[in-house]
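Read through the structure below, which is laid out as structure tokens, and then see the notes.
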Amino acid sequence: MTADLIDIHPDVRAALDAGRAVVALESTIVTHGMPHPRNVETARAVEDDIRAEGAVPATIAVLDGRPRVGLSAADLDALVARPDVAKASGRDLAAIMARGGSAGTTVSCTMRLAALAGIRVFATGGVGGVHRGAEETWDVSADLAELGRTEVAVVCAGVKSILDIPKTLEVLESQRVPVIAYGTDAFPAFYARDSGERADHRLDTPEEIARAVDLHLRLGSGTGLLIANPVPEADALAPAEIDGIIAEAIDAAATQGVSRKDLTPFLLERIATRSEGRSLATNIALVRNNARLAARIAVALAGGSAER
Ligand code: PSU
Ligand code: MN
């Protein structure tokens, strides 16, 4: 059904056909979330982390009008070299495909394509959510709507405090998306291990999380799951170190009238620059940490047989 719509890399195709573990990865983090060349280096390191755990990585993007599930090294280089590379959420896919464009895929778009390909586990850094001041701007990421209707487990490090975390958790609750924290009662806040909010559920092993994912899907829940994995202690940033930088970035966005799909990339870029790379190092560490957990969940879901 989807063969004429998306290109699935042969390694990914073979793993899916054999029922082996596959982990989807997004690409907006590469095209709009990190500076070059750290973006490409990180994308490759994350794929290696997933392979080391015995799963097959499937980085998802749109290249010259074709959605790709699984990118070769050359595809990744081509993606970042396209001068007009777009940021695609799920709703943008059709128009970008129709004009033959290229795009990094956000969490919402990556979930859509992963689900079409039959992939149930996806790793990223942070998902989008309800922006601070949303009562004025109505800025709520399409990631939350997609989580409310697409059956994929998304492993993240919580959400950044560029967002309104309590409101984001309220929308996830309304959307029937379970929020499961790994090894902690707290909902993590990306750079920090604890947002001050509690997650709905705590599970302590990848196997237990895999069981919950399997049950959620078999119950016909019809939604995704958010698996929140706190940043490793050694890589976390002190709130005092980052909160002022985030507040300054939000003020600058408001002053410059940055809105809609440009807002999140603007904030990420400004925070990375103003923190002199400390936020970037944390970002890279937590994405890799999420990839490893996602791979372990995918291996457990596939029946525990890692490819080693
Ligand atoms: N948050 C991060 N890093 C990111 C993103 C969000 O900490 O790279 C990216 C993800 O691709 C996410 C997207 O799906 O931004 C959300 O964008 P928006 O807020 O415009 O929905
Ligand atoms: Mn938005």
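The way I read the labels, and the way they are meant: chains A, B, ... in the order of the structure tokens, residue 1 as the first residue of every chain, and ligand 1 as the first ligand shown, with later ones counted on from there.
Residues in contact range of Ala78 of chain A, defined as at most 10 Å between only C-alpha atoms, with sequence neighbours fewer than 5 positions away removed, read Leu63, Asp64, Ser72, Ala73, Pro83 and Ser102 of chain A.
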Would you put the residues from that selection into a file with N, CA, C and O atoms, as a PDB file, in the first residue's frame?
```
ATOM      1  N   LEU A  63      13.582  13.478   0.757  1.00  0.00           N
ATOM      2  CA  LEU A  63      14.662  13.860  -0.149  1.00  0.00           C
ATOM      3  C   LEU A  63      14.113  13.926  -1.570  1.00  0.00           C
ATOM      4  O   LEU A  63      13.615  12.929  -2.093  1.00  0.00           O
ATOM      5  N   ASP A  64      14.172  15.115  -2.158  1.00  0.00           N
ATOM      6  CA  ASP A  64      13.722  15.316  -3.542  1.00  0.00           C
ATOM      7  C   ASP A  64      12.328  14.726  -3.789  1.00  0.00           C
ATOM      8  O   ASP A  64      12.099  14.007  -4.765  1.00  0.00           O
ATOM      9  N   SER A  72      21.055   6.430   3.830  1.00  0.00           N
ATOM     10  CA  SER A  72      22.471   6.073   3.717  1.00  0.00           C
ATOM     11  C   SER A  72      23.291   7.292   4.142  1.00  0.00           C
ATOM     12  O   SER A  72      22.758   8.399   4.289  1.00  0.00           O
ATOM     13  N   ALA A  73      24.601   7.093   4.332  1.00  0.00           N
ATOM     14  CA  ALA A  73      25.478   8.210   4.691  1.00  0.00           C
ATOM     15  C   ALA A  73      25.417   9.294   3.613  1.00  0.00           C
ATOM     16  O   ALA A  73      25.385  10.500   3.912  1.00  0.00           O
ATOM     17  N   PRO A  83      19.930  23.480  -0.186  1.00  0.00           N
ATOM     18  CA  PRO A  83      19.870  24.851   0.343  1.00  0.00           C
ATOM     19  C   PRO A  83      18.475  25.224   0.848  1.00  0.00           C
ATOM     20  O   PRO A  83      18.345  26.062   1.732  1.00  0.00           O
ATOM     21  N   SER A 102      12.740  18.836  -0.375  1.00  0.00           N
ATOM     22  CA  SER A 102      13.448  18.055   0.639  1.00  0.00           C
ATOM     23  C   SER A 102      13.162  18.657   2.008  1.00  0.00           C
ATOM     24  O   SER A 102      12.989  19.874   2.127  1.00  0.00           O
TER      25      SER A 102
END
```
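Close contacts of segment 108-116 of chain A, defined as residues with an atom at most 7 Å away when counting only C-alpha atoms, with chain neighbours fewer than 5 positions off set aside, comprise Thr2, Ala24, Glu26, Ile60, Ala88, Ser89, Gly90, Ala142, Asp143, Glu146, Thr150, Glu151 and Val152 of chain A.
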Taking N, CA, C and O atoms for each residue, export the selection above as a PDB file, in the first residue's frame.
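And here is the file that came out, part_24.pdb:
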```pdb
ATOM      1  N   THR A   2       1.988   1.191   0.773  1.00  0.00           N
ATOM      2  CA  THR A   2       2.803   2.392   0.909  1.00  0.00           C
ATOM      3  C   THR A   2       4.000   2.390  -0.028  1.00  0.00           C
ATOM      4  O   THR A   2       4.717   3.371  -0.079  1.00  0.00           O
ATOM      5  N   ALA A  24      13.025   4.241  14.691  1.00  0.00           N
ATOM      6  CA  ALA A  24      12.936   5.421  13.826  1.00  0.00           C
ATOM      7  C   ALA A  24      13.624   6.610  14.489  1.00  0.00           C
ATOM      8  O   ALA A  24      13.654   6.728  15.717  1.00  0.00           O
ATOM      9  N   GLU A  26      14.169  11.042  13.903  1.00  0.00           N
ATOM     10  CA  GLU A  26      13.710  12.219  13.150  1.00  0.00           C
ATOM     11  C   GLU A  26      14.893  12.946  12.507  1.00  0.00           C
ATOM     12  O   GLU A  26      16.055  12.649  12.800  1.00  0.00           O
ATOM     13  N   ILE A  60      14.545   9.161   9.276  1.00  0.00           N
ATOM     14  CA  ILE A  60      13.467   9.489   8.342  1.00  0.00           C
ATOM     15  C   ILE A  60      13.599  10.942   7.884  1.00  0.00           C
ATOM     16  O   ILE A  60      13.906  11.831   8.670  1.00  0.00           O
ATOM     17  N   ALA A  88       9.435  19.856   8.038  1.00  0.00           N
ATOM     18  CA  ALA A  88       8.124  19.292   7.700  1.00  0.00           C
ATOM     19  C   ALA A  88       7.458  18.666   8.909  1.00  0.00           C
ATOM     20  O   ALA A  88       7.994  17.742   9.520  1.00  0.00           O
ATOM     21  N   SER A  89       6.286  19.172   9.255  1.00  0.00           N
ATOM     22  CA  SER A  89       5.446  18.427  10.184  1.00  0.00           C
ATOM     23  C   SER A  89       4.530  17.556   9.317  1.00  0.00           C
ATOM     24  O   SER A  89       4.576  17.623   8.081  1.00  0.00           O
ATOM     25  N   GLY A  90       3.737  16.717   9.920  1.00  0.00           N
ATOM     26  CA  GLY A  90       2.963  15.749   9.149  1.00  0.00           C
ATOM     27  C   GLY A  90       2.103  16.406   8.088  1.00  0.00           C
ATOM     28  O   GLY A  90       1.980  15.910   6.964  1.00  0.00           O
ATOM     29  N   ALA A 142       2.097  20.541  16.580  1.00  0.00           N
ATOM     30  CA  ALA A 142       1.371  19.433  15.945  1.00  0.00           C
ATOM     31  C   ALA A 142       1.868  18.080  16.461  1.00  0.00           C
ATOM     32  O   ALA A 142       1.183  17.068  16.285  1.00  0.00           O
ATOM     33  N   ASP A 143       3.032  18.065  17.125  1.00  0.00           N
ATOM     34  CA  ASP A 143       3.511  16.798  17.706  1.00  0.00           C
ATOM     35  C   ASP A 143       2.474  16.228  18.673  1.00  0.00           C
ATOM     36  O   ASP A 143       2.297  15.012  18.759  1.00  0.00           O
ATOM     37  N   GLU A 146      -0.427  14.640  16.795  1.00  0.00           N
ATOM     38  CA  GLU A 146      -0.013  13.366  16.183  1.00  0.00           C
ATOM     39  C   GLU A 146       0.113  12.277  17.244  1.00  0.00           C
ATOM     40  O   GLU A 146      -0.296  11.128  17.018  1.00  0.00           O
ATOM     41  N   THR A 150      -1.530   8.548  16.491  1.00  0.00           N
ATOM     42  CA  THR A 150      -0.634   7.651  15.750  1.00  0.00           C
ATOM     43  C   THR A 150       0.094   6.726  16.722  1.00  0.00           C
ATOM     44  O   THR A 150       0.724   7.184  17.675  1.00  0.00           O
ATOM     45  N   GLU A 151      -0.001   5.429  16.439  1.00  0.00           N
ATOM     46  CA  GLU A 151       0.435   4.420  17.399  1.00  0.00           C
ATOM     47  C   GLU A 151       1.936   4.139  17.317  1.00  0.00           C
ATOM     48  O   GLU A 151       2.351   3.102  16.803  1.00  0.00           O
ATOM     49  N   VAL A 152       2.712   5.064  17.841  1.00  0.00           N
ATOM     50  CA  VAL A 152       4.162   4.915  17.893  1.00  0.00           C
ATOM     51  C   VAL A 152       4.615   5.351  19.292  1.00  0.00           C
ATOM     52  O   VAL A 152       4.081   6.320  19.838  1.00  0.00           O
TER      53      VAL A 152
END
```
List every residue of chain A that has an atom at most 6 Å from any atom of ligand 1, and for each one report the closest atom pair and its distance in Å to one decimal, counting only C-alpha atoms and all ligand atoms, with rows sorted by chain and then by increasing residue number, as JSON lines.
```
{"residue": "A:Thr28", "atom": "CA", "partner": "ligand 1", "partner_atom_place_in_ligand_line": "11 (O)", "distance": 4.5}
{"residue": "A:Ile29", "atom": "CA", "partner": "ligand 1", "partner_atom_place_in_ligand_line": "8 (O)", "distance": 3.9}
{"residue": "A:Gly33", "atom": "CA", "partner": "ligand 1", "partner_atom_place_in_ligand_line": "8 (O)", "distance": 4.2}
{"residue": "A:Thr106", "atom": "CA", "partner": "ligand 1", "partner_atom_place_in_ligand_line": "11 (O)", "distance": 3.5}
{"residue": "A:Val107", "atom": "CA", "partner": "ligand 1", "partner_atom_place_in_ligand_line": "14 (O)", "distance": 3.6}
{"residue": "A:Ser108", "atom": "CA", "partner": "ligand 1", "partner_atom_place_in_ligand_line": "14 (O)", "distance": 6.0}
{"residue": "A:Gly125", "atom": "CA", "partner": "ligand 1", "partner_atom_place_in_ligand_line": "3 (N)", "distance": 5.9}
{"residue": "A:Gly126", "atom": "CA", "partner": "ligand 1", "partner_atom_place_in_ligand_line": "7 (O)", "distance": 4.2}
{"residue": "A:Val127", "atom": "CA", "partner": "ligand 1", "partner_atom_place_in_ligand_line": "12 (C)", "distance": 5.0}
{"residue": "A:Gly128", "atom": "CA", "partner": "ligand 1", "partner_atom_place_in_ligand_line": "16 (C)", "distance": 4.1}
{"residue": "A:Ser141", "atom": "CA", "partner": "ligand 1", "partner_atom_place_in_ligand_line": "21 (O)", "distance": 3.7}
{"residue": "A:Ala142", "atom": "CA", "partner": "ligand 1", "partner_atom_place_in_ligand_line": "21 (O)", "distance": 5.3}
{"residue": "A:Asp143", "atom": "CA", "partner": "ligand 1", "partner_atom_place_in_ligand_line": "14 (O)", "distance": 5.9}
{"residue": "A:Lys160", "atom": "CA", "partner": "ligand 1", "partner_atom_place_in_ligand_line": "7 (O)", "distance": 5.7}
{"residue": "A:Lys261", "atom": "CA", "partner": "ligand 1", "partner_atom_place_in_ligand_line": "20 (O)", "distance": 4.2}
{"residue": "A:Thr264", "atom": "CA", "partner": "ligand 1", "partner_atom_place_in_ligand_line": "19 (O)", "distance": 4.9}
```
Residues as selected, C-alpha atoms, written as an mmCIF file, in the first residue's frame, can you do that?
```cif
data_model
loop_
_atom_site.group_PDB
_atom_site.id
_atom_site.type_symbol
_atom_site.label_atom_id
_atom_site.label_comp_id
_atom_site.auth_asym_id
_atom_site.auth_seq_id
_atom_site.Cartn_x
_atom_site.Cartn_y
_atom_site.Cartn_z
ATOM 1 C CA THR A 28 14.511 18.147 11.930
ATOM 2 C CA ILE A 29 17.041 17.876 14.729
ATOM 3 C CA GLY A 33 18.000 21.695 15.516
ATOM 4 C CA THR A 106 9.597 16.765 12.912
ATOM 5 C CA VAL A 107 8.291 14.372 15.536
ATOM 6 C CA SER A 108 4.768 14.543 14.065
ATOM 7 C CA GLY A 125 15.622 14.596 21.896
ATOM 8 C CA GLY A 126 12.614 16.634 22.908
ATOM 9 C CA VAL A 127 9.106 16.713 21.502
ATOM 10 C CA GLY A 128 7.228 19.905 20.699
ATOM 11 C CA SER A 141 2.939 21.848 18.424
ATOM 12 C CA ALA A 142 1.371 19.433 15.945
ATOM 13 C CA ASP A 143 3.511 16.798 17.706
ATOM 14 C CA LYS A 160 12.434 21.856 27.061
ATOM 15 C CA LYS A 261 7.149 26.946 12.542
ATOM 16 C CA THR A 264 11.243 26.458 17.844
#
```
(request) For atom CA of Val40 of chain A and atom CA of Arg91 of chain A, determine how far apart the two atoms are, in Å to one decimal place. (result)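 Separation between atom CA of Val40 of chain A and atom CA of Arg91 of chain A: 25.5 Å.
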(message) At a cut-off of 6 Å, using only C-alpha atoms, what residues contact segment 227-232 of chain A? Leave out same-chain residues fewer than 6 positions from it and give the result as a list in words.
(response)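 Close residues of segment 227-232 of chain A: Val154, Val155, Cys156, Ala157, Gly158, Ile180, Ala181, Tyr182, Pro188, Arg193 and Leu286 of chain A.
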(request) Quick one: everything within 9 Å of segment 169-179 of chain A, counting only C-alpha atoms, minus sequence neighbours fewer than 5 positions away in the same chain. Send it as a VMD selection string. (result) chain A and resid 129 to 130 144 to 145 147 to 149 164 187 197 199 to 202 221 to 228
Would you mind exporting the chosen residues as a short mmCIF file (atom, residue, chain, number, x, y, z; two decimals), in the first residue's frame, restricted to all heavy atoms?
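Output contents, as saved in result_17.cif:
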```
data_model
loop_
_atom_site.label_atom_id
_atom_site.label_comp_id
_atom_site.auth_asym_id
_atom_site.auth_seq_id
_atom_site.Cartn_x
_atom_site.Cartn_y
_atom_site.Cartn_z
N GLY A 129 5.55 21.01 22.08
CA GLY A 129 4.45 21.02 23.03
C GLY A 129 3.73 22.35 23.02
O GLY A 129 3.70 23.04 22.00
N VAL A 130 3.18 22.71 24.15
CA VAL A 130 2.46 23.97 24.29
C VAL A 130 3.48 25.05 24.65
O VAL A 130 4.18 24.94 25.66
CB VAL A 130 1.40 23.88 25.42
CG1 VAL A 130 0.66 25.21 25.55
CG2 VAL A 130 0.43 22.72 25.16
N LEU A 144 1.80 17.10 19.41
CA LEU A 144 0.85 16.62 20.42
C LEU A 144 -0.39 16.02 19.75
O LEU A 144 -0.92 15.01 20.22
CB LEU A 144 0.46 17.76 21.37
CG LEU A 144 1.62 18.38 22.17
CD1 LEU A 144 1.07 19.41 23.17
CD2 LEU A 144 2.42 17.31 22.90
N ALA A 145 -0.84 16.64 18.67
CA ALA A 145 -1.99 16.09 17.94
C ALA A 145 -1.64 14.73 17.33
O ALA A 145 -2.44 13.80 17.35
CB ALA A 145 -2.44 17.07 16.85
N LEU A 147 0.67 12.63 18.40
CA LEU A 147 0.76 11.65 19.50
C LEU A 147 -0.64 11.15 19.87
O LEU A 147 -0.80 10.01 20.29
CB LEU A 147 1.44 12.28 20.72
CG LEU A 147 2.97 12.27 20.69
CD1 LEU A 147 3.56 13.32 21.64
CD2 LEU A 147 3.50 10.88 21.07
N GLY A 148 -1.64 12.01 19.68
CA GLY A 148 -3.00 11.64 20.03
C GLY A 148 -3.69 10.74 19.01
O GLY A 148 -4.83 10.33 19.23
N ARG A 149 -3.00 10.45 17.90
CA ARG A 149 -3.68 9.61 16.90
C ARG A 149 -2.80 8.61 16.18
O ARG A 149 -3.28 7.89 15.30
CB ARG A 149 -4.42 10.48 15.88
CG ARG A 149 -3.54 11.42 15.08
CD ARG A 149 -4.20 11.71 13.74
NE ARG A 149 -4.29 10.47 12.97
CZ ARG A 149 -5.03 10.31 11.88
NH1 ARG A 149 -5.77 11.31 11.45
NH2 ARG A 149 -5.03 9.17 11.21
N ASP A 164 5.66 25.48 27.97
CA ASP A 164 4.92 25.46 29.22
C ASP A 164 4.69 23.99 29.55
O ASP A 164 3.83 23.34 28.94
CB ASP A 164 3.60 26.23 29.03
CG ASP A 164 2.84 26.38 30.33
OD1 ASP A 164 2.81 25.40 31.12
OD2 ASP A 164 2.26 27.45 30.55
N PHE A 187 8.64 13.98 35.72
CA PHE A 187 8.69 14.24 34.27
C PHE A 187 9.93 15.08 34.03
O PHE A 187 10.09 16.15 34.61
CB PHE A 187 7.43 14.98 33.81
CG PHE A 187 7.41 15.18 32.32
CD1 PHE A 187 7.21 14.11 31.46
CD2 PHE A 187 7.59 16.45 31.78
CE1 PHE A 187 7.21 14.29 30.08
CE2 PHE A 187 7.60 16.64 30.39
CZ PHE A 187 7.40 15.54 29.55
N GLU A 197 7.24 18.53 37.73
CA GLU A 197 5.96 17.85 37.47
C GLU A 197 6.20 16.34 37.55
O GLU A 197 7.29 15.87 37.25
CB GLU A 197 5.44 18.19 36.07
CG GLU A 197 5.19 19.66 35.83
CD GLU A 197 4.01 20.18 36.64
OE1 GLU A 197 3.02 19.44 36.81
OE2 GLU A 197 4.10 21.33 37.12
N ALA A 199 5.46 12.46 36.21
CA ALA A 199 4.96 11.69 35.07
C ALA A 199 3.76 10.86 35.54
O ALA A 199 3.57 10.65 36.74
CB ALA A 199 6.06 10.78 34.54
N ASP A 200 2.94 10.40 34.59
CA ASP A 200 1.77 9.60 34.98
C ASP A 200 2.19 8.24 35.52
O ASP A 200 1.56 7.70 36.42
CB ASP A 200 0.87 9.36 33.76
CG ASP A 200 0.38 10.67 33.17
OD1 ASP A 200 -0.08 11.51 33.95
OD2 ASP A 200 0.48 10.83 31.94
N HIS A 201 3.23 7.68 34.91
CA HIS A 201 3.63 6.32 35.26
C HIS A 201 5.15 6.26 35.31
O HIS A 201 5.83 6.97 34.58
CB HIS A 201 3.14 5.32 34.21
CG HIS A 201 1.67 5.38 34.01
ND1 HIS A 201 0.78 4.78 34.86
CD2 HIS A 201 0.92 6.01 33.07
CE1 HIS A 201 -0.46 5.02 34.46
NE2 HIS A 201 -0.40 5.77 33.37
N ARG A 202 5.63 5.34 36.16
CA ARG A 202 7.06 5.06 36.22
C ARG A 202 7.25 3.58 35.91
O ARG A 202 6.60 2.73 36.52
CB ARG A 202 7.57 5.36 37.63
CG ARG A 202 8.96 4.83 37.86
CD ARG A 202 9.37 5.00 39.31
NE ARG A 202 10.72 4.49 39.47
CZ ARG A 202 11.60 4.95 40.34
NH1 ARG A 202 11.26 5.91 41.16
NH2 ARG A 202 12.81 4.42 40.41
N SER A 221 -5.75 1.34 21.69
CA SER A 221 -5.79 2.68 22.28
C SER A 221 -5.84 3.77 21.22
O SER A 221 -6.42 4.83 21.43
CB SER A 221 -4.58 2.89 23.18
OG SER A 221 -4.44 1.80 24.08
N GLY A 222 -5.21 3.51 20.08
CA GLY A 222 -5.29 4.47 18.97
C GLY A 222 -4.43 5.70 19.14
O GLY A 222 -4.57 6.67 18.39
N THR A 223 -3.52 5.71 20.12
CA THR A 223 -2.64 6.87 20.32
C THR A 223 -1.20 6.41 20.45
O THR A 223 -0.93 5.22 20.61
CB THR A 223 -3.00 7.64 21.62
OG1 THR A 223 -2.58 6.88 22.77
CG2 THR A 223 -4.48 7.93 21.72
N GLY A 224 -0.29 7.36 20.43
CA GLY A 224 1.10 7.07 20.72
C GLY A 224 1.33 7.00 22.22
O GLY A 224 0.41 7.16 23.02
N LEU A 225 2.58 6.73 22.59
CA LEU A 225 3.00 6.77 24.00
C LEU A 225 4.21 7.69 24.08
O LEU A 225 5.04 7.71 23.17
CB LEU A 225 3.43 5.39 24.51
CG LEU A 225 2.47 4.21 24.39
CD1 LEU A 225 2.71 3.47 23.08
CD2 LEU A 225 2.65 3.24 25.57
N LEU A 226 4.30 8.44 25.18
CA LEU A 226 5.48 9.27 25.38
C LEU A 226 6.33 8.61 26.47
O LEU A 226 5.88 8.46 27.61
CB LEU A 226 5.08 10.69 25.79
CG LEU A 226 6.22 11.71 25.63
CD1 LEU A 226 6.51 11.94 24.16
CD2 LEU A 226 5.87 13.02 26.31
N ILE A 227 7.53 8.18 26.09
CA ILE A 227 8.45 7.56 27.04
C ILE A 227 9.50 8.62 27.39
O ILE A 227 10.26 9.06 26.53
CB ILE A 227 9.15 6.32 26.42
CG1 ILE A 227 8.13 5.39 25.73
CG2 ILE A 227 9.98 5.60 27.49
CD1 ILE A 227 7.07 4.81 26.62
N ALA A 228 9.51 9.03 28.64
CA ALA A 228 10.38 10.14 29.06
C ALA A 228 11.59 9.59 29.81
O ALA A 228 11.47 8.95 30.85
CB ALA A 228 9.59 11.10 29.95
#
```
(request) Run DSSP on the backbone and give me the residues of segment 100-245 of chain A it puts in alpha helix (DSSP H), as an MDAnalysis selection string. (result) chainID A and resid 107:117 134:137 142:147 165:174 206:218 239:245
What would the file look like if the residues just selected were written as a PDB file, in the first residue's frame with C-alpha atoms?
```pdb
ATOM      1  CA  VAL A 107       8.291  14.372  15.536  1.00  0.00           C
ATOM      2  CA  SER A 108       4.768  14.543  14.065  1.00  0.00           C
ATOM      3  CA  CYS A 109       5.951  13.829  10.516  1.00  0.00           C
ATOM      4  CA  THR A 110       8.382  11.116  11.616  1.00  0.00           C
ATOM      5  CA  MET A 111       5.634   9.365  13.609  1.00  0.00           C
ATOM      6  CA  ARG A 112       3.355   9.397  10.537  1.00  0.00           C
ATOM      7  CA  LEU A 113       6.016   7.875   8.268  1.00  0.00           C
ATOM      8  CA  ALA A 114       7.215   5.386  10.916  1.00  0.00           C
ATOM      9  CA  ALA A 115       3.638   4.168  11.373  1.00  0.00           C
ATOM     10  CA  LEU A 116       3.207   3.779   7.597  1.00  0.00           C
ATOM     11  CA  ALA A 117       6.409   1.729   7.467  1.00  0.00           C
ATOM     12  CA  ALA A 134      -0.021  29.908  24.291  1.00  0.00           C
ATOM     13  CA  GLU A 135      -3.081  31.546  25.866  1.00  0.00           C
ATOM     14  CA  GLU A 136      -2.196  34.525  23.624  1.00  0.00           C
ATOM     15  CA  THR A 137      -0.507  32.899  20.621  1.00  0.00           C
ATOM     16  CA  ALA A 142       1.371  19.433  15.945  1.00  0.00           C
ATOM     17  CA  ASP A 143       3.511  16.798  17.706  1.00  0.00           C
ATOM     18  CA  LEU A 144       0.849  16.621  20.418  1.00  0.00           C
ATOM     19  CA  ALA A 145      -1.993  16.090  17.937  1.00  0.00           C
ATOM     20  CA  GLU A 146      -0.013  13.366  16.183  1.00  0.00           C
ATOM     21  CA  LEU A 147       0.759  11.653  19.496  1.00  0.00           C
ATOM     22  CA  ILE A 165       5.452  22.012  30.733  1.00  0.00           C
ATOM     23  CA  PRO A 166       2.281  21.795  32.873  1.00  0.00           C
ATOM     24  CA  LYS A 167       0.102  22.813  29.889  1.00  0.00           C
ATOM     25  CA  THR A 168       1.931  20.320  27.654  1.00  0.00           C
ATOM     26  CA  LEU A 169       1.156  17.534  30.138  1.00  0.00           C
ATOM     27  CA  GLU A 170      -2.496  18.644  30.268  1.00  0.00           C
ATOM     28  CA  VAL A 171      -2.813  18.400  26.473  1.00  0.00           C
ATOM     29  CA  LEU A 172      -1.142  14.964  26.435  1.00  0.00           C
ATOM     30  CA  GLU A 173      -3.689  13.867  29.039  1.00  0.00           C
ATOM     31  CA  SER A 174      -6.588  15.206  26.947  1.00  0.00           C
ATOM     32  CA  PRO A 206      13.115  -1.487  28.937  1.00  0.00           C
ATOM     33  CA  GLU A 207      11.337  -4.862  29.056  1.00  0.00           C
ATOM     34  CA  GLU A 208       8.553  -3.432  31.223  1.00  0.00           C
ATOM     35  CA  ILE A 209       8.199  -0.463  28.865  1.00  0.00           C
ATOM     36  CA  ALA A 210       8.068  -2.816  25.864  1.00  0.00           C
ATOM     37  CA  ARG A 211       5.293  -4.752  27.599  1.00  0.00           C
ATOM     38  CA  ALA A 212       3.354  -1.511  28.139  1.00  0.00           C
ATOM     39  CA  VAL A 213       3.831  -0.490  24.477  1.00  0.00           C
ATOM     40  CA  ASP A 214       2.643  -3.883  23.268  1.00  0.00           C
ATOM     41  CA  LEU A 215      -0.404  -3.817  25.556  1.00  0.00           C
ATOM     42  CA  HIS A 216      -1.275  -0.220  24.629  1.00  0.00           C
ATOM     43  CA  LEU A 217      -1.303  -1.158  20.943  1.00  0.00           C
ATOM     44  CA  ARG A 218      -3.197  -4.436  21.450  1.00  0.00           C
ATOM     45  CA  PRO A 239      18.539  25.302  36.008  1.00  0.00           C
ATOM     46  CA  ALA A 240      20.425  28.453  37.054  1.00  0.00           C
ATOM     47  CA  GLU A 241      22.732  27.916  34.100  1.00  0.00           C
ATOM     48  CA  ILE A 242      20.049  27.656  31.406  1.00  0.00           C
ATOM     49  CA  ASP A 243      16.814  29.291  32.656  1.00  0.00           C
ATOM     50  CA  GLY A 244      17.987  32.864  32.074  1.00  0.00           C
ATOM     51  CA  ILE A 245      19.192  31.992  28.577  1.00  0.00           C
TER      52      ILE A 245
END
```
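Residue nearest ligand 2 within the list A:Ala14, A:Leu163, A:Val46, A:Ala298: A:Leu163 [criterion: smallest interatomic distance, only C-alpha atoms and all ligand atoms].
Between ligand 2 and the candidates A:Asp49, A:Asp11, A:Asp262, A:Asp185, the tightest atom-to-atom separation, counting only C-alpha atoms and all ligand atoms, involves A:Asp262.
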(request) Give me, please, the distance in Å between atom CA of Val80 of chain A and atom CA of Thr31 of chain A, quoted to one decimal. (result) 6.1 Å
(message) For a test of reading the model, state the distance in Å between atom CA of Met34 of chain A and atom CA of Ala21 of chain A, rounded to one decimal.
(response) 27.3 Å
(request) Go through A:Ala189, A:Ala272, A:Ile162, A:Ala300 one by one, measure the shortest atom-to-atom distance of each to ligand 2 using only C-alpha atoms and all ligand atoms, and give the residue with the smallest value. (result) A:Ile162
(request) From a DSSP calculation on the backbone, collect every residue of segment 18-191 of chain A in strand (DSSP E or B) and output the set as a PyMOL selection string. (result) chain A and resi 22-25+56-63+66-69+86-88+103-105+121-123+130-131+140+153-156+158+163+179-182+186+189
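Residue nearest ligand 2 within the list A:Arg120, A:Arg99, A:Arg274, A:Lys87: A:Lys87 [criterion: smallest interatomic distance, only C-alpha atoms and all ligand atoms].
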(message) So that I can check the surroundings of Arg296 of chain A, please list as an NGL selection string every protein, DNA and RNA residue that reaches within 12 Å of it, counting only C-alpha atoms and ignoring chain neighbours fewer than 6 positions away.
(response) :A and (20-23 or 49-56 or 121-123 or 155 or 205-210 or 289-290 or 302-307)
(request) Go through A:Phe190, A:Ser259, A:Val299, A:Asp4 one by one, measure the shortest atom-to-atom distance of each to Leu280 of chain A using only C-alpha atoms, and give the residue with the smallest value. (result)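 Looking at the shortest contact to Leu280 of chain A, the residue is A:Phe190.
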